[in-house]
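Structure file query-v2.txt with compact mmCIF, C-alpha atoms:
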# COMPACT_ATOMS: atom_id res chain seq x y z
CA MET C 1 -22.89 -47.63 -40.61
CA SER C 2 -23.06 -49.80 -43.65
CA PRO C 3 -21.21 -53.11 -44.03
CA LEU C 4 -20.41 -52.34 -47.63
CA THR C 5 -16.75 -51.76 -48.35
CA THR C 6 -14.79 -50.37 -51.24
CA THR C 7 -14.33 -53.71 -52.93
CA ARG C 8 -17.99 -54.15 -53.88
CA LEU C 9 -17.81 -53.66 -57.64
CA CYS C 10 -20.35 -53.35 -60.40
CA ARG C 11 -20.07 -56.46 -62.54
CA THR C 12 -20.67 -54.75 -65.84
CA THR C 13 -18.10 -56.99 -67.48
CA ALA C 14 -17.84 -60.78 -66.93
CA GLY C 15 22.29 -47.57 -63.47
CA LEU C 16 19.68 -44.75 -62.44
CA LEU C 17 17.39 -45.67 -65.25
CA ALA C 18 17.63 -48.82 -67.30
CA GLY C 19 18.81 -47.36 -70.58
CA ALA C 20 19.52 -43.85 -71.77
CA GLY C 21 16.56 -43.92 -74.15
CA LEU C 22 14.19 -44.67 -71.30
CA ALA C 23 15.71 -41.92 -69.18
CA ALA C 24 15.20 -39.39 -71.93
CA GLY C 25 11.66 -40.56 -72.59
CA LEU C 26 10.58 -40.54 -68.98
CA LEU C 27 12.07 -37.26 -67.87
CA ALA C 28 11.46 -35.08 -70.89
CA ALA C 29 8.91 -32.64 -69.48
CA PRO C 30 9.95 -31.18 -66.09
CA ALA C 31 10.04 -27.62 -67.41
CA ALA C 32 6.30 -27.51 -68.05
CA SER C 33 5.61 -28.79 -64.55
CA ALA C 34 7.93 -26.25 -63.00
CA ALA C 35 6.17 -23.49 -64.94
CA ALA C 36 2.91 -24.68 -63.43
CA GLY C 37 4.32 -24.37 -59.93
CA GLN C 38 5.49 -27.96 -59.50
CA ALA C 39 8.23 -28.36 -56.95
CA ALA C 40 11.11 -29.97 -58.82
CA ALA C 41 11.95 -32.47 -56.10
CA ALA C 42 13.99 -35.29 -57.60
CA PRO C 43 12.78 -38.69 -56.37
CA ALA C 44 15.31 -40.83 -54.54
CA VAL C 45 14.09 -44.00 -56.28
CA PRO C 46 13.03 -42.90 -59.78
CA PHE C 47 10.93 -45.35 -61.73
CA GLY C 48 13.19 -47.56 -63.80
CA SER C 49 16.18 -47.30 -61.46
CA HIS C 50 15.76 -50.86 -60.14
CA ARG C 51 17.66 -50.05 -56.97
CA TYR C 52 16.02 -52.86 -55.05
CA PRO C 53 16.73 -56.17 -56.82
CA TYR C 54 14.29 -59.00 -56.36
CA ALA C 55 15.11 -62.24 -54.55
CA ALA C 56 17.44 -64.74 -56.17
CA GLY C 57 15.86 -66.91 -58.85
CA ILE C 58 12.90 -64.63 -59.60
CA LEU C 59 12.05 -64.46 -63.30
CA LYS C 60 11.30 -61.36 -65.34
CA PRO C 61 9.54 -61.18 -68.70
CA THR C 62 11.78 -61.72 -71.70
CA GLY C 63 13.08 -58.52 -73.28
CA ALA C 64 15.26 -55.51 -72.64
CA GLN C 65 14.63 -53.90 -69.25
CA ALA C 66 14.08 -50.49 -70.81
CA ASP C 67 11.36 -51.95 -73.05
CA LEU C 68 9.62 -53.56 -70.10
CA ASP C 69 9.73 -50.28 -68.20
CA GLN C 70 8.42 -48.31 -71.14
CA LYS C 71 5.40 -50.62 -71.47
CA VAL C 72 4.56 -49.89 -67.84
CA VAL C 73 4.88 -46.16 -68.45
CA ALA C 74 2.50 -46.40 -71.41
CA VAL C 75 -0.14 -48.18 -69.31
CA TYR C 76 0.41 -45.74 -66.45
CA ASN C 77 -0.10 -42.73 -68.71
CA ALA C 78 -3.37 -44.19 -70.00
CA TRP C 79 -4.49 -45.12 -66.48
CA LYS C 80 -3.70 -41.65 -65.17
CA ALA C 81 -5.55 -39.95 -68.01
CA ALA C 82 -8.61 -42.12 -67.40
CA PHE C 83 -8.87 -42.13 -63.63
CA VAL C 84 -6.81 -39.39 -61.91
CA LYS C 85 -9.08 -36.37 -61.61
CA GLN C 86 -9.52 -32.96 -60.01
CA ASN C 87 -13.30 -32.96 -60.02
CA CYS C 88 -14.05 -31.43 -56.63
CA GLY C 89 -11.73 -28.44 -56.27
CA ASN C 90 -9.96 -27.65 -53.00
CA GLY C 91 -6.61 -28.60 -54.52
CA TRP C 92 -7.63 -32.24 -54.24
CA TYR C 93 -6.74 -35.02 -56.62
CA GLN C 94 -8.96 -38.10 -56.65
CA VAL C 95 -8.88 -41.48 -58.38
CA ILE C 96 -12.35 -42.04 -59.80
CA SER C 97 -13.91 -45.51 -59.80
CA PRO C 98 -16.74 -45.67 -62.37
CA ASP C 99 -17.27 -49.40 -61.85
CA ALA C 100 -17.50 -49.31 -58.04
CA ASP C 101 -20.53 -48.59 -55.86
CA HIS C 102 -19.45 -44.98 -55.44
CA PRO C 103 -17.48 -42.55 -57.63
CA TYR C 104 -14.65 -42.31 -55.11
CA VAL C 105 -13.60 -45.15 -52.80
CA ALA C 106 -10.74 -45.55 -50.34
CA GLU C 107 -9.28 -48.45 -52.29
CA ALA C 108 -8.84 -46.19 -55.32
CA GLN C 109 -7.12 -43.42 -53.37
CA GLY C 110 -4.76 -45.97 -51.86
CA TYR C 111 -3.95 -47.35 -55.31
CA GLY C 112 -3.37 -43.81 -56.53
CA MET C 113 -0.92 -42.98 -53.77
CA VAL C 114 1.12 -46.17 -54.18
CA VAL C 115 1.19 -45.90 -57.96
CA THR C 116 2.02 -42.19 -58.06
CA ALA C 117 4.89 -42.50 -55.58
CA THR C 118 6.24 -45.51 -57.48
CA MET C 119 6.06 -43.76 -60.86
CA ALA C 120 7.95 -40.67 -59.70
CA GLY C 121 10.68 -40.03 -62.21
CA ALA C 122 8.54 -41.31 -65.05
CA ASP C 123 5.93 -38.68 -64.18
CA PRO C 124 7.46 -35.26 -63.43
CA ASN C 125 4.14 -34.22 -61.89
CA ALA C 126 4.04 -37.15 -59.46
CA LYS C 127 4.65 -35.15 -56.27
CA THR C 128 1.93 -32.62 -57.11
CA VAL C 129 -0.57 -35.41 -57.73
CA PHE C 130 0.52 -37.28 -54.63
CA ASP C 131 0.13 -34.20 -52.42
CA GLY C 132 -3.33 -33.60 -53.92
CA LEU C 133 -4.27 -37.15 -52.99
CA VAL C 134 -2.93 -36.63 -49.47
CA LYS C 135 -5.00 -33.47 -49.15
CA TYR C 136 -8.09 -35.40 -50.23
CA VAL C 137 -7.41 -38.22 -47.76
CA LEU C 138 -6.92 -35.79 -44.87
CA ALA C 139 -10.20 -34.09 -45.72
CA HIS C 140 -12.17 -37.35 -45.61
CA LYS C 141 -11.58 -38.86 -42.20
CA SER C 142 -13.38 -41.91 -40.87
CA VAL C 143 -15.95 -41.08 -38.21
CA ASN C 144 -14.57 -43.90 -36.04
CA ASN C 145 -10.86 -43.12 -36.20
CA ALA C 146 -9.76 -39.74 -37.53
CA ASP C 147 -6.40 -41.15 -38.65
CA LEU C 148 -8.15 -43.47 -41.15
CA LEU C 149 -9.88 -42.71 -44.45
CA ALA C 150 -13.64 -42.71 -44.95
CA ALA C 151 -14.38 -45.47 -47.43
CA GLU C 152 -16.79 -43.90 -49.91
CA GLN C 153 -17.60 -40.51 -51.42
CA ASP C 154 -20.29 -39.38 -53.84
CA SER C 155 -19.87 -37.39 -57.06
CA SER C 156 -19.44 -34.20 -55.00
CA CYS C 157 -16.66 -35.85 -52.97
CA LYS C 158 -18.86 -35.94 -49.87
CA SER C 159 -18.37 -38.98 -47.64
CA VAL C 160 -21.41 -41.24 -47.60
CA ASN C 161 -22.61 -44.65 -46.44
CA GLY C 162 -21.54 -44.20 -42.84
CA SER C 163 -18.21 -42.43 -43.38
CA ASP C 164 -16.35 -45.34 -41.82
CA SER C 165 -13.23 -47.05 -43.14
CA ALA C 166 -12.20 -49.95 -45.38
CA THR C 167 -9.00 -51.77 -44.45
CA ASP C 168 -7.61 -52.28 -47.94
CA GLY C 169 -7.66 -48.58 -48.71
CA ASP C 170 -5.96 -47.69 -45.45
CA LEU C 171 -3.20 -50.25 -45.93
CA ASP C 172 -2.30 -48.74 -49.29
CA VAL C 173 -2.59 -45.15 -48.04
CA ALA C 174 -0.06 -45.90 -45.31
CA TYR C 175 2.22 -47.75 -47.72
CA GLY C 176 2.02 -44.90 -50.23
CA LEU C 177 3.02 -42.40 -47.55
CA LEU C 178 6.07 -44.52 -46.69
CA LEU C 179 7.05 -44.62 -50.36
CA ALA C 180 6.65 -40.84 -50.54
CA ASP C 181 8.85 -40.32 -47.51
CA ARG C 182 11.58 -42.34 -49.19
CA GLN C 183 11.10 -40.56 -52.51
CA TRP C 184 10.94 -36.93 -51.44
CA GLY C 185 11.60 -36.76 -47.71
CA SER C 186 9.14 -35.35 -45.21
CA ALA C 187 10.19 -31.71 -44.95
CA GLY C 188 7.72 -30.37 -47.53
CA THR C 189 4.04 -29.50 -47.37
CA TYR C 190 3.28 -32.81 -45.67
CA ASN C 191 5.32 -34.81 -43.22
CA TYR C 192 4.77 -38.11 -45.00
CA LYS C 193 6.54 -40.18 -42.39
CA ASP C 194 4.56 -38.74 -39.51
CA LEU C 195 1.28 -39.22 -41.40
CA ALA C 196 2.28 -42.76 -42.30
CA VAL C 197 3.08 -43.73 -38.72
CA LYS C 198 -0.19 -42.24 -37.48
CA HIS C 199 -2.07 -44.18 -40.14
CA ILE C 200 -0.23 -47.42 -39.35
CA LYS C 201 -0.97 -47.08 -35.63
CA ALA C 202 -4.62 -46.39 -36.45
CA ILE C 203 -4.78 -49.49 -38.66
CA LYS C 204 -3.43 -51.61 -35.84
CA ALA C 205 -5.84 -50.06 -33.33
CA SER C 206 -9.00 -50.20 -35.43
CA GLU C 207 -8.53 -52.59 -38.36
CA ILE C 208 -6.59 -55.51 -36.83
CA ASN C 209 -8.39 -58.00 -34.62
CA PRO C 210 -6.33 -57.97 -31.40
CA SER C 211 -6.98 -61.63 -30.60
CA THR C 212 -6.44 -63.22 -34.05
CA HIS C 213 -3.95 -60.60 -35.35
CA LEU C 214 -5.84 -60.69 -38.67
CA THR C 215 -7.27 -57.82 -40.67
CA LEU C 216 -10.81 -56.68 -39.96
CA LEU C 217 -13.00 -55.46 -42.82
CA GLY C 218 -12.91 -51.88 -41.56
CA ASP C 219 -13.04 -49.83 -38.38
CA TRP C 220 -16.80 -50.44 -38.24
CA SER C 221 -16.27 -54.16 -37.54
CA THR C 222 -16.06 -54.15 -33.76
CA LYS C 223 -16.34 -56.78 -31.04
CA GLY C 224 -19.87 -58.13 -31.00
CA ASP C 225 -20.40 -57.39 -34.71
CA SER C 226 -21.19 -60.45 -36.85
CA THR C 227 -18.11 -59.76 -39.01
CA TYR C 228 -15.62 -59.43 -36.15
CA TYR C 229 -14.11 -62.82 -36.95
CA VAL C 230 -14.34 -62.42 -40.72
CA THR C 231 -11.34 -61.39 -42.81
CA ARG C 232 -10.91 -60.64 -46.54
CA SER C 233 -8.03 -62.36 -48.31
CA SER C 234 -7.23 -59.39 -50.55
CA ASP C 235 -6.33 -57.40 -47.42
CA TRP C 236 -3.50 -59.79 -46.54
CA MET C 237 -0.71 -57.53 -47.85
CA ILE C 238 2.39 -59.21 -46.47
CA ASP C 239 4.93 -56.74 -47.90
CA HIS C 240 2.96 -53.86 -46.38
CA PHE C 241 3.19 -55.48 -42.96
CA ARG C 242 6.96 -55.73 -43.38
CA ALA C 243 7.15 -52.04 -44.27
CA PHE C 244 5.01 -51.10 -41.27
CA ARG C 245 7.35 -53.04 -38.97
CA THR C 246 10.33 -51.15 -40.35
CA ALA C 247 8.65 -47.76 -40.16
CA THR C 248 7.35 -48.08 -36.61
CA GLY C 249 9.76 -50.50 -34.96
CA ASP C 250 6.67 -52.26 -33.61
CA ALA C 251 7.31 -56.02 -33.43
CA GLY C 252 3.55 -56.50 -33.37
CA TRP C 253 3.65 -56.23 -37.16
CA ASP C 254 5.83 -59.35 -37.28
CA THR C 255 3.10 -61.18 -35.37
CA ILE C 256 0.48 -59.81 -37.75
CA ARG C 257 2.50 -60.81 -40.80
CA THR C 258 3.14 -64.36 -39.65
CA ALA C 259 -0.51 -64.80 -38.62
CA HIS C 260 -1.57 -63.98 -42.17
CA GLN C 261 1.07 -66.16 -43.78
CA SER C 262 0.02 -69.06 -41.56
CA LEU C 263 -3.63 -68.52 -42.48
CA ILE C 264 -2.80 -68.46 -46.19
CA THR C 265 -0.89 -71.73 -45.92
CA LYS C 266 -3.65 -73.43 -43.91
CA GLN C 267 -6.42 -72.23 -46.20
CA GLN C 268 -4.55 -73.45 -49.27
CA SER C 269 -3.74 -76.83 -47.75
CA GLY C 270 -7.13 -77.40 -46.14
CA TYR C 271 -9.55 -76.04 -48.72
CA ALA C 272 -7.70 -75.74 -52.05
CA PRO C 273 -4.86 -78.29 -52.05
CA ASN C 274 -4.92 -78.65 -55.84
CA THR C 275 -5.24 -74.96 -56.73
CA GLY C 276 -3.90 -72.79 -53.91
CA LEU C 277 -6.88 -70.48 -54.37
CA LEU C 278 -8.21 -68.44 -51.47
CA ALA C 279 -11.77 -67.36 -50.81
CA ASP C 280 -12.87 -63.75 -50.96
CA PHE C 281 -13.81 -63.99 -47.28
CA VAL C 282 -12.68 -66.32 -44.51
CA VAL C 283 -14.92 -66.74 -41.46
CA ASN C 284 -14.62 -68.21 -37.97
CA THR C 285 -11.10 -66.86 -37.54
CA ASN C 286 -11.36 -67.29 -33.76
CA GLY C 287 -11.76 -71.03 -34.24
CA THR C 288 -11.31 -73.21 -37.30
CA ALA C 289 -11.00 -70.56 -40.01
CA LYS C 290 -12.76 -71.54 -43.22
CA PRO C 291 -14.08 -70.04 -46.47
CA ALA C 292 -17.42 -68.29 -46.17
CA ALA C 293 -20.46 -70.44 -46.90
CA GLY C 294 -22.44 -68.19 -49.21
CA GLU C 295 -22.88 -64.48 -48.71
CA VAL C 296 -21.39 -62.85 -45.64
CA LEU C 297 -20.82 -59.36 -47.05
CA GLU C 298 -21.07 -59.03 -50.82
CA SER C 299 -22.38 -61.95 -52.86
CA PRO C 300 -23.22 -65.67 -52.86
CA ASN C 301 -19.65 -66.20 -54.06
CA ASP C 302 -18.03 -64.79 -50.91
CA GLY C 303 -16.52 -68.23 -50.27
CA ASP C 304 -15.09 -68.52 -53.77
CA TYR C 305 -12.16 -67.06 -55.69
CA SER C 306 -14.05 -64.03 -56.91
CA TRP C 307 -13.81 -60.25 -57.23
CA ASN C 308 -11.78 -59.75 -54.05
CA ALA C 309 -9.51 -62.79 -54.01
CA CYS C 310 -8.60 -62.23 -57.66
CA ARG C 311 -5.95 -59.83 -56.34
CA ASP C 312 -4.31 -62.45 -54.12
CA PRO C 313 -1.70 -63.74 -56.62
CA TRP C 314 -0.43 -60.17 -57.01
CA ARG C 315 -0.41 -59.46 -53.27
CA ILE C 316 1.16 -62.78 -52.24
CA GLY C 317 3.54 -62.70 -55.20
CA ALA C 318 4.69 -59.16 -54.46
CA ASP C 319 6.06 -60.34 -51.11
CA ALA C 320 7.50 -63.51 -52.60
CA VAL C 321 9.54 -61.71 -55.26
CA THR C 322 10.81 -58.93 -53.00
CA SER C 323 11.50 -60.86 -49.79
CA GLY C 324 12.18 -64.38 -51.05
CA ASP C 325 10.24 -65.58 -48.01
CA ALA C 326 9.75 -69.36 -48.15
CA ALA C 327 6.09 -69.26 -47.11
CA SER C 328 5.16 -66.59 -49.65
CA LEU C 329 7.09 -68.38 -52.39
CA ALA C 330 5.37 -71.68 -51.66
CA SER C 331 1.93 -70.07 -51.67
CA ALA C 332 2.61 -68.19 -54.90
CA ARG C 333 4.00 -71.26 -56.66
CA ARG C 334 1.01 -73.36 -55.70
CA ILE C 335 -1.32 -70.84 -57.36
CA ASN C 336 0.92 -70.52 -60.41
CA SER C 337 1.15 -74.27 -60.96
CA TRP C 338 -2.63 -74.55 -61.02
CA ILE C 339 -3.47 -71.60 -63.28
CA LYS C 340 -0.76 -72.44 -65.80
CA GLY C 341 -2.32 -75.85 -66.27
CA LYS C 342 -5.91 -74.66 -66.03
CA ALA C 343 -5.38 -72.06 -68.76
CA ALA C 344 -3.26 -74.46 -70.84
CA GLY C 345 -0.62 -71.74 -71.09
CA ASN C 346 -3.03 -69.28 -72.72
CA PRO C 347 -3.99 -66.18 -70.67
CA ALA C 348 -7.11 -65.75 -72.81
CA ASN C 349 -8.54 -68.80 -71.03
CA ILE C 350 -8.57 -67.12 -67.59
CA VAL C 351 -12.13 -66.29 -66.53
CA THR C 352 -13.82 -64.17 -63.87
CA GLY C 353 -14.43 -66.59 -61.04
CA TYR C 354 -13.46 -70.02 -59.77
CA LYS C 355 -14.54 -72.37 -57.04
CA LEU C 356 -11.68 -73.26 -54.73
CA ASN C 357 -11.41 -76.65 -56.47
CA GLY C 358 -10.58 -74.84 -59.71
CA SER C 359 -13.89 -75.19 -61.53
CA ALA C 360 -15.07 -71.99 -63.19
CA PHE C 361 -18.41 -70.51 -62.17
CA ASP C 362 -18.25 -67.57 -64.58
CA SER C 363 -17.12 -67.11 -68.18
CA GLY C 364 -16.18 -63.44 -68.44
CA HIS C 365 -12.73 -61.95 -68.88
CA ASP C 366 -11.24 -59.08 -66.91
CA MET C 367 -7.75 -57.81 -66.15
CA ALA C 368 -8.58 -57.98 -62.44
CA PHE C 369 -8.42 -61.76 -62.78
CA THR C 370 -5.83 -62.16 -65.52
CA ALA C 371 -3.15 -59.66 -64.50
CA PRO C 372 -2.28 -60.87 -60.97
CA PHE C 373 -1.10 -64.25 -62.26
CA VAL C 374 1.85 -62.55 -63.98
CA VAL C 375 3.34 -62.00 -60.51
CA THR C 376 3.02 -65.59 -59.32
CA ALA C 377 4.51 -66.77 -62.63
CA MET C 378 7.70 -64.91 -61.73
CA THR C 379 8.29 -67.24 -58.77
CA ASP C 380 8.63 -70.46 -60.78
CA PRO C 381 11.86 -71.10 -62.71
CA GLY C 382 9.95 -73.37 -65.10
CA SER C 383 7.35 -70.77 -66.06
CA GLN C 384 9.24 -68.43 -68.39
CA ALA C 385 6.99 -69.11 -71.39
CA TRP C 386 3.88 -68.71 -69.23
CA LEU C 387 5.23 -65.48 -67.75
CA ASP C 388 5.99 -64.13 -71.21
CA ALA C 389 2.50 -65.01 -72.45
CA LEU C 390 0.92 -63.19 -69.52
CA TRP C 391 3.15 -60.15 -69.91
CA THR C 392 2.39 -59.95 -73.61
CA LYS C 393 -1.34 -60.09 -72.85
CA LEU C 394 -1.11 -57.35 -70.22
CA ALA C 395 1.08 -55.06 -72.32
CA ALA C 396 -1.24 -55.40 -75.31
CA THR C 397 -4.50 -54.78 -73.42
CA PRO C 398 -5.55 -51.12 -73.55
CA VAL C 399 -6.79 -49.39 -70.42
CA ASP C 400 -10.59 -49.37 -70.40
CA GLN C 401 -11.85 -46.03 -69.11
CA LYS C 402 -14.97 -47.71 -67.73
CA LEU C 403 -13.06 -50.33 -65.76
CA TYR C 404 -11.02 -48.65 -63.05
CA TYR C 405 -10.65 -51.85 -61.04
CA GLY C 406 -9.22 -54.12 -63.70
CA SER C 407 -7.04 -51.34 -65.11
CA SER C 408 -5.61 -50.53 -61.68
CA VAL C 409 -4.80 -54.16 -60.98
CA GLN C 410 -3.30 -54.52 -64.46
CA LEU C 411 -0.99 -51.53 -63.95
CA GLN C 412 0.17 -52.57 -60.50
CA SER C 413 0.78 -56.17 -61.58
CA MET C 414 2.91 -54.84 -64.44
CA ILE C 415 4.86 -52.64 -62.05
CA VAL C 416 5.79 -55.75 -60.06
CA ALA C 417 6.48 -57.91 -63.12
CA SER C 418 8.79 -55.30 -64.65
CA GLY C 419 10.96 -55.25 -61.50
CA ASN C 420 9.79 -51.83 -60.28
CA HIS C 421 8.07 -52.75 -57.04
CA TRP C 422 9.99 -52.01 -53.86
CA VAL C 423 9.34 -52.12 -50.15
CA PRO C 424 10.18 -48.95 -48.15
Please express the file's structure as structure tokens.
Amino acid sequence: MSPLTTTRLCRTTAGLLAGAGLAAGLLAAPAASAAAGQAAAAPAVPFGSHRYPYAAGILKPTGAQADLDQKVVAVYNAWKAAFVKQNCGNGWYQVISPDADHPYVAEAQGYGMVVTATMAGADPNAKTVFDGLVKYVLAHKSVNNADLLAAEQDSSCKSVNGSDSATDGDLDVAYGLLLADRQWGSAGTYNYKDLAVKHIKAIKASEINPSTHLTLLGDWSTKGDSTYYVTRSSDWMIDHFRAFRTATGDAGWDTIRTAHQSLITKQQSGYAPNTGLLADFVVNTNGTAKPAAGEVLESPNDGDYSWNACRDPWRIGADAVTSGDAASLASARRINSWIKGKAAGNPANIVTGYKLNGSAFDSGHDMAFTAPFVVTAMTDPGSQAWLDALWTKLAATPVDQKLYYGSSVQLQSMIVASGNHWVP
């Protein structure tokens, strides 16, 4: 077993549809898919339908809704062309990750499932791709819990590095399956709902610490392991926990959700009162939880706002805008207030790494750091200009075929900002 997880990245770089024009543009090519054997299952929540309005008072970028949606579709098409592959046969689809430690990682497959199910309607081939991803996931089981996904595969799609799991990938796999159940039902090739519930139960059994109710790093982090009371802030997906509660009826997910929200609030207040930033890794969760002091899993910056925590504004903000929850809103607004001032209203000033006090320790630029702030900007009624500046930056930044991580975070942040994120 290796302690490495899917988030260890190479740092090579520092109505139905909103508008008839959009509807025509998004759904123009079903015939070709049908000719190729695609089941023409119409999604229940087609991209651009906006059937799940956000909480009251949430901003959206300035502009016609159809234009916002179309910008997301353009980035999605480029992302799909760059990273969604069929490189290993067997009817599998995989999301490739050229800037991660391995060509295929659980995190990427989870992203692919959530994105593909969300973009159904814009992509007439979405169900075929989604089912290919499901087939891949089912063929790569964790050695510790067969209902979880092995974290890493090599260029031949063979599981390596212990064949154990990574929590972030599993959370998105389960969430993607719930989206798919709502989109297409579960009477087809795969019973999405049944698979989702099995995955959710496995997450609770093997990737949630039963005493702290916080996420573990993977199913390899067991009692007695040095990481058993370590948790990664980018795994704190509050909206996912809400969806899991709904899908399973298990009130334990309410306990898990509130434990994470409480931890977020305490970490912000205790260690980053002026910024709201969270550390990549929080340790000592069975006592006084605190940011890691140096390297505990990945780098000397494990206690800083670095390549894991950079996703936190998107993850916290996604719950804030959809649920209107007071705790999530407060946490998101604290982050937004700081970054708006730190960047002086210019997204080009956002860099790749900050201490929790807000001082930069790196000078690079990457969408993984820039894009998530567009979601927290939505939560502040006084941040319209800042939101628009961020959206403009994201929409104008082309997908880099070498940078799966930043491109994936960019796309998913834009999905939320455009009003197309929803909780099954």
Practice prompt. Please provide the set of residues having any atom within 8 Å of Ala44 of chain C, restricted to all atoms listed in the file, with same-chain residues fewer than 2 positions apart removed, written as a list in words.
Written response: Ala42, Pro46, Arg182, Gln183 and Trp184 of chain C
Output C-alpha atoms of each residue in that selection to a file, as a PDB file, in the coordinates of the input.
ATOM      1  CA  ALA C  42      13.990 -35.290 -57.600  1.00  0.00           C
ATOM      2  CA  PRO C  46      13.030 -42.900 -59.780  1.00  0.00           C
ATOM      3  CA  ARG C 182      11.580 -42.340 -49.190  1.00  0.00           C
ATOM      4  CA  GLN C 183      11.100 -40.560 -52.510  1.00  0.00           C
ATOM      5  CA  TRP C 184      10.940 -36.930 -51.440  1.00  0.00           C
TER       6      TRP C 184
END
Practice prompt. Name the closest residue to Ala151 of chain C among the candidates C:Asp123, C:Lys60, C:Gly185, C:Leu217; distances are taken between atoms, counting only C-alpha atoms.
Written response: C:Leu217
Discussion item. Restricting the calculation to all atoms listed in the file: of C:Tyr175, C:Tyr271, C:Tyr52, C:Tyr192, which residue gets closest to Met237 of chain C?
Written reply: C:Tyr175
Practice prompt. Quick one: everything within 10 Å of Asp172 of chain C, counting all atoms listed in the file, minus sequence neighbours fewer than 3 positions away in the same chain. Send it as number ranges by chain.
Written response: C: 106-115, 167-169, 175-178, 235, 237, 240
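The two atoms in question, atom CA of Gly162 of chain C and atom CA of Ala309 of chain C, are spaced 24.8 Å apart.
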Fill in: Atomic distance atom CA of Ile256 of chain C - atom CA of His213 of chain C, expressed in Å with one decimal
5.1 Å
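Here atom CA of Leu278 of chain C stands at a distance of 7.9 Å from atom CA of Pro291 of chain C.
In this comparison, which uses all atoms listed in the file, the residue of C:Val296, C:Ile58, C:Asp170, C:Asn420 approaching Ala332 of chain C most closely is C:Ile58.
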Worksheet item: Do you know which residues are at most 10 Å from Asn301 of chain C counting all atoms listed in the file, after dropping those on the same chain fewer than 3 positions away, and could you put them as a PyMOL selection string?
Response: chain C and resi 279-281+292-298+304-307+353-355+361
